[in-house]
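See below for protein27.cif, which holds mmCIF, N, CA and C atoms.
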data_run
#
loop_
_atom_site.label_atom_id
_atom_site.label_comp_id
_atom_site.auth_asym_id
_atom_site.auth_seq_id
_atom_site.Cartn_x
_atom_site.Cartn_y
_atom_site.Cartn_z
N LEU A 232 6.85 -10.35 2.00
CA LEU A 232 6.35 -9.63 0.83
C LEU A 232 7.22 -9.92 -0.38
N GLU A 233 6.61 -9.96 -1.53
CA GLU A 233 7.33 -10.11 -2.78
C GLU A 233 7.15 -8.83 -3.59
N ASP A 234 8.07 -8.57 -4.49
CA ASP A 234 8.05 -7.38 -5.34
C ASP A 234 7.89 -6.11 -4.50
N VAL A 235 8.76 -5.95 -3.52
CA VAL A 235 8.65 -4.88 -2.51
C VAL A 235 9.13 -3.55 -3.06
N LEU A 236 8.37 -2.50 -2.73
CA LEU A 236 8.70 -1.12 -3.08
C LEU A 236 8.56 -0.28 -1.82
N CYS A 237 9.55 0.54 -1.51
CA CYS A 237 9.46 1.45 -0.37
C CYS A 237 8.65 2.67 -0.83
N PHE A 238 7.49 2.92 -0.20
CA PHE A 238 6.64 4.04 -0.61
C PHE A 238 6.76 5.24 0.32
N ASN A 239 7.37 5.07 1.49
CA ASN A 239 7.44 6.19 2.43
C ASN A 239 8.77 6.19 3.17
N THR A 240 9.40 7.37 3.21
CA THR A 240 10.60 7.58 4.01
C THR A 240 10.45 8.83 4.88
N VAL A 241 9.28 9.46 4.86
CA VAL A 241 9.05 10.69 5.61
C VAL A 241 9.25 10.42 7.11
N ARG A 242 10.01 11.28 7.78
CA ARG A 242 10.32 11.17 9.21
C ARG A 242 10.97 9.83 9.54
N ASN A 243 11.57 9.20 8.52
CA ASN A 243 12.23 7.90 8.67
C ASN A 243 11.27 6.81 9.15
N MET A 244 9.97 6.99 8.90
CA MET A 244 8.97 5.97 9.21
C MET A 244 8.74 5.21 7.90
N LEU A 245 9.53 4.18 7.69
CA LEU A 245 9.53 3.48 6.41
C LEU A 245 8.22 2.73 6.19
N GLY A 246 7.75 2.79 4.94
CA GLY A 246 6.55 2.06 4.53
C GLY A 246 6.86 1.29 3.26
N PHE A 247 6.38 0.05 3.19
CA PHE A 247 6.67 -0.82 2.05
C PHE A 247 5.38 -1.41 1.50
N THR A 248 5.32 -1.52 0.18
CA THR A 248 4.19 -2.17 -0.50
C THR A 248 4.75 -3.33 -1.30
N GLY A 249 3.99 -4.42 -1.30
CA GLY A 249 4.37 -5.60 -2.07
C GLY A 249 3.18 -6.52 -2.16
N THR A 250 3.44 -7.74 -2.56
CA THR A 250 2.35 -8.71 -2.62
C THR A 250 2.59 -9.80 -1.59
N TYR A 251 1.49 -10.24 -0.98
CA TYR A 251 1.51 -11.32 -0.01
C TYR A 251 0.39 -12.27 -0.39
N ARG A 252 0.78 -13.50 -0.74
CA ARG A 252 -0.19 -14.50 -1.18
C ARG A 252 -1.09 -13.97 -2.29
N GLY A 253 -0.47 -13.21 -3.20
CA GLY A 253 -1.20 -12.70 -4.36
C GLY A 253 -1.97 -11.41 -4.14
N LYS A 254 -1.98 -10.90 -2.91
CA LYS A 254 -2.70 -9.65 -2.62
C LYS A 254 -1.71 -8.53 -2.39
N ARG A 255 -2.04 -7.35 -2.88
CA ARG A 255 -1.19 -6.18 -2.70
C ARG A 255 -1.47 -5.59 -1.32
N ILE A 256 -0.43 -5.50 -0.49
CA ILE A 256 -0.58 -4.90 0.83
C ILE A 256 0.60 -3.98 1.11
N SER A 257 0.40 -3.12 2.07
CA SER A 257 1.47 -2.24 2.53
C SER A 257 1.65 -2.41 4.02
N VAL A 258 2.87 -2.24 4.48
CA VAL A 258 3.19 -2.29 5.91
C VAL A 258 4.01 -1.06 6.25
N MET A 259 3.75 -0.54 7.46
CA MET A 259 4.46 0.67 7.88
C MET A 259 4.34 0.78 9.39
N GLY A 260 5.35 1.34 10.02
CA GLY A 260 5.27 1.62 11.44
C GLY A 260 4.23 2.69 11.71
N SER A 261 3.76 2.75 12.95
CA SER A 261 2.78 3.78 13.29
C SER A 261 3.27 4.69 14.42
N GLY A 262 4.52 4.54 14.79
CA GLY A 262 5.04 5.36 15.87
C GLY A 262 4.53 4.87 17.22
N MET A 263 4.64 5.74 18.21
CA MET A 263 4.17 5.39 19.55
C MET A 263 3.09 6.37 19.97
N GLY A 264 1.99 5.85 20.41
CA GLY A 264 0.94 6.69 20.97
C GLY A 264 -0.05 7.21 19.95
N ILE A 265 -1.09 7.82 20.49
CA ILE A 265 -2.20 8.33 19.69
C ILE A 265 -1.77 9.42 18.71
N PRO A 266 -0.99 10.42 19.12
CA PRO A 266 -0.63 11.46 18.16
C PRO A 266 0.14 10.92 16.95
N SER A 267 1.07 10.00 17.17
CA SER A 267 1.81 9.42 16.04
C SER A 267 0.88 8.64 15.13
N MET A 268 0.05 7.79 15.73
CA MET A 268 -0.88 6.99 14.92
C MET A 268 -1.84 7.89 14.16
N GLY A 269 -2.32 8.95 14.81
CA GLY A 269 -3.22 9.89 14.14
C GLY A 269 -2.57 10.55 12.94
N LEU A 270 -1.32 10.95 13.10
CA LEU A 270 -0.58 11.59 12.02
C LEU A 270 -0.39 10.65 10.84
N TYR A 271 0.09 9.43 11.13
CA TYR A 271 0.34 8.50 10.03
C TYR A 271 -0.95 8.01 9.39
N ALA A 272 -1.99 7.79 10.17
CA ALA A 272 -3.27 7.37 9.59
C ALA A 272 -3.81 8.45 8.66
N PHE A 273 -3.76 9.71 9.09
CA PHE A 273 -4.22 10.81 8.24
C PHE A 273 -3.47 10.82 6.91
N GLU A 274 -2.15 10.72 6.99
CA GLU A 274 -1.35 10.76 5.77
C GLU A 274 -1.60 9.54 4.87
N LEU A 275 -1.76 8.37 5.47
CA LEU A 275 -2.01 7.17 4.66
C LEU A 275 -3.35 7.26 3.94
N TYR A 276 -4.39 7.70 4.64
CA TYR A 276 -5.71 7.83 4.00
C TYR A 276 -5.74 8.96 2.98
N ASN A 277 -5.12 10.09 3.29
CA ASN A 277 -5.25 11.28 2.44
C ASN A 277 -4.21 11.40 1.33
N PHE A 278 -3.04 10.79 1.51
CA PHE A 278 -1.99 10.98 0.51
C PHE A 278 -1.52 9.69 -0.15
N CYS A 279 -1.88 8.55 0.41
CA CYS A 279 -1.37 7.28 -0.12
C CYS A 279 -2.44 6.34 -0.63
N GLY A 280 -3.71 6.74 -0.59
CA GLY A 280 -4.78 5.91 -1.13
C GLY A 280 -5.10 4.67 -0.33
N VAL A 281 -4.82 4.69 0.96
CA VAL A 281 -5.10 3.53 1.81
C VAL A 281 -6.61 3.38 2.01
N ASP A 282 -7.10 2.13 1.95
CA ASP A 282 -8.52 1.84 2.17
C ASP A 282 -8.81 1.42 3.60
N ALA A 283 -7.89 0.74 4.25
CA ALA A 283 -8.12 0.24 5.61
C ALA A 283 -6.78 0.09 6.32
N ILE A 284 -6.80 0.32 7.61
CA ILE A 284 -5.60 0.18 8.43
C ILE A 284 -5.88 -0.85 9.52
N ILE A 285 -4.97 -1.78 9.69
CA ILE A 285 -5.01 -2.73 10.80
C ILE A 285 -3.76 -2.44 11.62
N ARG A 286 -3.94 -1.97 12.85
CA ARG A 286 -2.79 -1.67 13.69
C ARG A 286 -2.44 -2.89 14.52
N ILE A 287 -1.17 -3.24 14.48
CA ILE A 287 -0.65 -4.34 15.28
C ILE A 287 0.40 -3.74 16.19
N GLY A 288 0.23 -3.94 17.48
CA GLY A 288 1.18 -3.34 18.39
C GLY A 288 1.23 -4.07 19.71
N SER A 289 2.03 -3.52 20.57
CA SER A 289 2.19 -4.12 21.89
C SER A 289 1.30 -3.39 22.89
N ALA A 290 1.06 -4.04 24.02
CA ALA A 290 0.22 -3.45 25.05
C ALA A 290 0.59 -4.03 26.40
N GLY A 291 0.25 -3.29 27.40
CA GLY A 291 0.34 -3.81 28.76
C GLY A 291 -1.06 -4.16 29.19
N GLY A 292 -1.20 -4.89 30.24
CA GLY A 292 -2.54 -5.24 30.66
C GLY A 292 -2.67 -5.39 32.15
N LEU A 293 -3.85 -5.09 32.63
CA LEU A 293 -4.14 -5.25 34.04
C LEU A 293 -4.99 -6.48 34.31
N ALA A 294 -5.67 -6.99 33.31
CA ALA A 294 -6.51 -8.17 33.49
C ALA A 294 -5.60 -9.37 33.77
N GLU A 295 -5.83 -10.05 34.88
CA GLU A 295 -4.95 -11.16 35.26
C GLU A 295 -4.91 -12.26 34.21
N GLU A 296 -6.03 -12.46 33.50
CA GLU A 296 -6.06 -13.53 32.50
C GLU A 296 -5.31 -13.17 31.22
N THR A 297 -4.95 -11.89 31.05
CA THR A 297 -4.20 -11.47 29.86
C THR A 297 -2.71 -11.61 30.15
N LYS A 298 -2.06 -12.47 29.38
CA LYS A 298 -0.65 -12.77 29.58
C LYS A 298 0.20 -12.13 28.50
N LEU A 299 1.49 -12.05 28.77
CA LEU A 299 2.46 -11.55 27.81
C LEU A 299 2.33 -12.32 26.50
N ARG A 300 2.29 -11.60 25.41
CA ARG A 300 2.19 -12.12 24.04
C ARG A 300 0.80 -12.63 23.66
N ASP A 301 -0.20 -12.45 24.53
CA ASP A 301 -1.56 -12.77 24.14
C ASP A 301 -2.00 -11.85 23.01
N VAL A 302 -2.88 -12.32 22.18
CA VAL A 302 -3.43 -11.53 21.09
C VAL A 302 -4.80 -11.03 21.52
N VAL A 303 -5.00 -9.73 21.39
CA VAL A 303 -6.30 -9.12 21.68
C VAL A 303 -6.79 -8.47 20.40
N ILE A 304 -7.95 -8.86 19.95
CA ILE A 304 -8.57 -8.26 18.77
C ILE A 304 -9.56 -7.24 19.30
N ALA A 305 -9.29 -5.98 19.05
CA ALA A 305 -10.07 -4.89 19.65
C ALA A 305 -11.37 -4.63 18.89
N MET A 306 -12.49 -4.66 19.64
CA MET A 306 -13.79 -4.28 19.08
C MET A 306 -13.95 -2.76 19.14
N GLY A 307 -13.41 -2.17 20.19
CA GLY A 307 -13.50 -0.73 20.38
C GLY A 307 -12.29 -0.26 21.15
N ALA A 308 -11.99 1.03 21.04
CA ALA A 308 -10.80 1.58 21.70
C ALA A 308 -11.13 2.86 22.44
N SER A 309 -11.19 2.77 23.75
CA SER A 309 -11.41 3.95 24.59
C SER A 309 -10.06 4.59 24.88
N THR A 310 -10.09 5.81 25.40
CA THR A 310 -8.86 6.51 25.74
C THR A 310 -9.10 7.53 26.84
N ASN A 311 -8.04 7.89 27.51
CA ASN A 311 -8.08 9.02 28.43
C ASN A 311 -7.28 10.19 27.86
N SER A 312 -6.97 10.13 26.59
CA SER A 312 -6.24 11.19 25.90
C SER A 312 -7.21 12.27 25.41
N ALA A 313 -6.73 13.49 25.32
CA ALA A 313 -7.54 14.60 24.81
C ALA A 313 -7.33 14.80 23.30
N TYR A 314 -6.66 13.85 22.65
CA TYR A 314 -6.32 13.99 21.23
C TYR A 314 -7.55 14.30 20.36
N ALA A 315 -8.65 13.59 20.57
CA ALA A 315 -9.84 13.74 19.71
C ALA A 315 -10.54 15.09 19.90
N ALA A 316 -10.26 15.81 20.99
CA ALA A 316 -10.92 17.09 21.26
C ALA A 316 -10.67 18.10 20.14
N GLN A 317 -9.56 17.97 19.43
CA GLN A 317 -9.25 18.91 18.36
C GLN A 317 -10.26 18.87 17.23
N TYR A 318 -11.04 17.79 17.13
CA TYR A 318 -12.03 17.66 16.07
C TYR A 318 -13.39 18.20 16.46
N GLY A 319 -13.53 18.70 17.69
CA GLY A 319 -14.77 19.34 18.11
C GLY A 319 -15.95 18.41 18.30
N PHE A 320 -15.70 17.14 18.50
CA PHE A 320 -16.80 16.20 18.72
C PHE A 320 -17.37 16.45 20.11
N PRO A 321 -18.67 16.68 20.22
CA PRO A 321 -19.25 17.00 21.53
C PRO A 321 -19.49 15.74 22.38
N GLY A 322 -18.54 15.39 23.20
CA GLY A 322 -18.68 14.22 24.04
C GLY A 322 -17.54 13.25 23.84
N GLN A 323 -17.70 12.06 24.36
CA GLN A 323 -16.69 11.02 24.25
C GLN A 323 -17.03 10.10 23.10
N LEU A 324 -16.04 9.76 22.31
CA LEU A 324 -16.24 8.86 21.19
C LEU A 324 -15.32 7.65 21.38
N THR A 325 -15.87 6.48 21.35
CA THR A 325 -15.08 5.26 21.39
C THR A 325 -15.16 4.64 20.01
N PRO A 326 -14.10 4.80 19.21
CA PRO A 326 -14.12 4.21 17.86
C PRO A 326 -14.28 2.70 17.92
N LEU A 327 -15.09 2.18 17.02
CA LEU A 327 -15.33 0.74 16.93
C LEU A 327 -14.70 0.19 15.66
N ALA A 328 -14.34 -1.07 15.71
CA ALA A 328 -13.78 -1.73 14.54
C ALA A 328 -14.84 -1.90 13.47
N ASP A 329 -14.42 -1.85 12.23
CA ASP A 329 -15.29 -2.20 11.11
C ASP A 329 -15.69 -3.66 11.30
N TYR A 330 -16.99 -3.96 11.27
CA TYR A 330 -17.45 -5.31 11.58
C TYR A 330 -16.87 -6.36 10.63
N GLY A 331 -16.81 -6.06 9.36
CA GLY A 331 -16.27 -7.01 8.39
C GLY A 331 -14.81 -7.34 8.68
N MET A 332 -14.02 -6.32 8.99
CA MET A 332 -12.61 -6.55 9.31
C MET A 332 -12.48 -7.30 10.63
N LEU A 333 -13.32 -6.96 11.61
CA LEU A 333 -13.30 -7.64 12.90
C LEU A 333 -13.63 -9.13 12.72
N LYS A 334 -14.69 -9.40 11.96
CA LYS A 334 -15.11 -10.78 11.71
C LYS A 334 -14.00 -11.57 11.01
N ASP A 335 -13.35 -10.95 10.01
CA ASP A 335 -12.26 -11.62 9.30
C ASP A 335 -11.06 -11.88 10.21
N ALA A 336 -10.74 -10.93 11.08
CA ALA A 336 -9.62 -11.10 12.01
C ALA A 336 -9.89 -12.25 12.98
N VAL A 337 -11.12 -12.31 13.49
CA VAL A 337 -11.49 -13.38 14.41
C VAL A 337 -11.45 -14.73 13.69
N ALA A 338 -11.96 -14.80 12.47
CA ALA A 338 -11.94 -16.05 11.70
C ALA A 338 -10.50 -16.49 11.43
N ALA A 339 -9.63 -15.55 11.09
CA ALA A 339 -8.23 -15.90 10.82
C ALA A 339 -7.55 -16.40 12.09
N ALA A 340 -7.81 -15.74 13.20
CA ALA A 340 -7.21 -16.17 14.48
C ALA A 340 -7.76 -17.52 14.91
N ALA A 341 -9.04 -17.74 14.72
CA ALA A 341 -9.66 -19.01 15.12
C ALA A 341 -9.15 -20.18 14.29
N GLY A 342 -8.70 -19.91 13.08
CA GLY A 342 -8.21 -20.96 12.21
C GLY A 342 -6.77 -21.36 12.48
N GLY A 343 -6.13 -20.68 13.43
CA GLY A 343 -4.73 -20.99 13.72
C GLY A 343 -4.55 -21.55 15.11
N GLU A 344 -3.32 -21.50 15.58
CA GLU A 344 -3.00 -22.04 16.89
C GLU A 344 -2.82 -20.95 17.94
N THR A 345 -3.15 -19.71 17.60
CA THR A 345 -2.96 -18.59 18.50
C THR A 345 -4.11 -18.46 19.47
N THR A 346 -3.79 -18.27 20.74
CA THR A 346 -4.81 -17.96 21.73
C THR A 346 -5.13 -16.48 21.61
N PHE A 347 -6.40 -16.14 21.60
CA PHE A 347 -6.77 -14.74 21.45
C PHE A 347 -8.04 -14.43 22.22
N GLU A 348 -8.25 -13.16 22.46
CA GLU A 348 -9.47 -12.65 23.07
C GLU A 348 -9.99 -11.54 22.17
N VAL A 349 -11.29 -11.33 22.20
CA VAL A 349 -11.91 -10.21 21.50
C VAL A 349 -12.51 -9.33 22.57
N GLY A 350 -12.20 -8.04 22.55
CA GLY A 350 -12.72 -7.19 23.61
C GLY A 350 -12.42 -5.71 23.40
N GLN A 351 -12.73 -4.97 24.41
CA GLN A 351 -12.52 -3.52 24.45
C GLN A 351 -11.10 -3.24 24.91
N VAL A 352 -10.45 -2.25 24.32
CA VAL A 352 -9.14 -1.81 24.78
C VAL A 352 -9.21 -0.35 25.19
N CYS A 353 -8.24 0.06 25.96
CA CYS A 353 -8.13 1.45 26.36
C CYS A 353 -6.69 1.86 26.14
N THR A 354 -6.48 2.95 25.46
CA THR A 354 -5.13 3.42 25.21
C THR A 354 -4.91 4.74 25.94
N SER A 355 -3.68 4.97 26.33
CA SER A 355 -3.36 6.12 27.16
C SER A 355 -2.02 6.71 26.75
N PRO A 356 -1.82 8.01 26.92
CA PRO A 356 -0.53 8.60 26.60
C PRO A 356 0.54 8.29 27.66
N GLN A 357 0.14 7.74 28.80
CA GLN A 357 1.12 7.40 29.83
C GLN A 357 1.50 5.93 29.71
N HIS A 358 2.79 5.67 29.63
CA HIS A 358 3.26 4.28 29.59
C HIS A 358 3.61 3.79 30.98
N TYR A 359 4.17 4.68 31.77
CA TYR A 359 4.57 4.32 33.13
C TYR A 359 3.92 5.32 34.06
N HIS A 360 3.14 4.84 34.99
CA HIS A 360 2.39 5.70 35.89
C HIS A 360 3.22 5.99 37.13
N THR A 361 3.23 7.24 37.57
CA THR A 361 3.97 7.60 38.78
C THR A 361 3.16 7.33 40.04
N GLN A 362 1.87 7.02 39.88
CA GLN A 362 1.01 6.72 41.02
C GLN A 362 0.65 5.23 40.98
N PRO A 363 1.33 4.40 41.76
CA PRO A 363 1.11 2.96 41.66
C PRO A 363 -0.31 2.51 42.03
N ASP A 364 -1.04 3.32 42.80
CA ASP A 364 -2.40 2.92 43.18
C ASP A 364 -3.46 3.42 42.21
N ALA A 365 -3.05 4.14 41.17
CA ALA A 365 -4.01 4.68 40.20
C ALA A 365 -4.57 3.55 39.34
N THR A 366 -5.86 3.59 39.09
CA THR A 366 -6.45 2.62 38.17
C THR A 366 -6.26 3.17 36.76
N HIS A 367 -5.42 2.54 36.02
CA HIS A 367 -5.01 3.04 34.72
C HIS A 367 -4.88 1.89 33.74
N PRO A 368 -6.02 1.40 33.21
CA PRO A 368 -5.91 0.25 32.30
C PRO A 368 -5.35 0.65 30.94
N ILE A 369 -4.32 -0.02 30.53
CA ILE A 369 -3.81 0.12 29.18
C ILE A 369 -4.57 -0.84 28.28
N LEU A 370 -4.93 -1.97 28.84
CA LEU A 370 -5.67 -2.97 28.08
C LEU A 370 -6.62 -3.68 29.03
N ALA A 371 -7.87 -3.67 28.68
CA ALA A 371 -8.84 -4.37 29.52
C ALA A 371 -9.74 -5.19 28.63
N ILE A 372 -9.94 -6.43 28.98
CA ILE A 372 -10.83 -7.29 28.20
C ILE A 372 -12.10 -7.49 28.99
#
Transcribe the structure of this file into structure tokens.
Amino acid sequence: LEDVLCFNTVRNMLGFTGTYRGKRISVMGSGMGIPSMGLYAFELYNFCGVDAIIRIGSAGGLAEETKLRDVVIAMGASTNSAYAAQYGFPGQLTPLADYGMLKDAVAAAAGGETTFEVGQVCTSPQHYHTQPDATHPILAI
């Protein structure tokens, strides 16, 4: 980034805005897990004037074809977390990616040397399962 300005220091989750290839963008950590991401996304949309968020993070995977450092572009994100229940939505909601952003991400990845997959992901509040035989996908393509 060029012409960098720190716009956030709340909870020591630093956020920076600058220009990249002539476009104004901001970067910021999102914490770990759904509650952290929910908190920071709410604040970014409601207090910082953010138009769109692209989350980049790490994941584990159970699909044998998914290897360490593979890139997965998520079309939708399922969860076994009860986080969304606070909003009173009657049923299960699997948020989907904005099609325009998804299409642009796929085009950008296809134009490079990165191997990637496009698919469904599942996120969970458990990072390490105490039941080794439990089916608990963190990432499934």
Starting from the displayed file, determine the output of the PyMOL selection byres ((chain A and resi 245-249) around 8) and express the residue list as a ChimeraX atom specification.
-> /A:232-244,250-261
Kindly give the distance, in Å, that separates CA of Asp301 (chain A) and CA of Thr345 (chain A), rounded to a single decimal.
->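 Answer for the CA of Asp301 (chain A) to CA of Thr345 (chain A) separation: 8.2 Å.
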Tell me, which residues of region 283-341 of chain A carry DSSP helix (DSSP H, G or I), written as a list in words?
-> Tyr314, Ala315, Ala316, Gln317, Tyr318, Tyr330, Gly331, Met332, Leu333, Lys334, Asp335, Ala336, Val337, Ala338, Ala339, Ala340 and Ala341 of chain A
Tell me, as a ChimeraX atom specification, which residues lie within 8 Å of region 314-316 of chain A, counting all atoms listed in the file; anything in the same chain fewer than 4 positions away does not count.
-> /A:265-266,310,320-321,324
Atomic distance CA of Ala341 (chain A) - atom C of Gly262 (chain A), expressed in Å with one decimal =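 Distance reported for this atom pair: 27.9 Å.
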Near-Gln317 (chain A) list (12 Å; only C-alpha atoms; drop same-chain fewer than 5 positions) as a PyMOL selection string = chain A and resi 266+269+312+322
Pull the strand (DSSP E or B) assignments for chain A out of DSSP run on the backbone, and list those residues as a PyMOL selection string.
-> chain A and resi 233-239+246-251+254-259+302-310+327+347-354
By how many Å are CA of Arg286 (chain A) and CA of Met268 (chain A) apart?
->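 Taking CA of Arg286 (chain A) and CA of Met268 (chain A), their separation equals 9.0 Å.
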Residues near Leu327 (chain A), cut-off 8 Å, all atoms listed in the file, skip fewer than 3 positions along chain, as a list in words =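 Everything that qualifies: Ala305, Met306, Gly307, Ala308, Ser309, Leu324 and Tyr330 of chain A.
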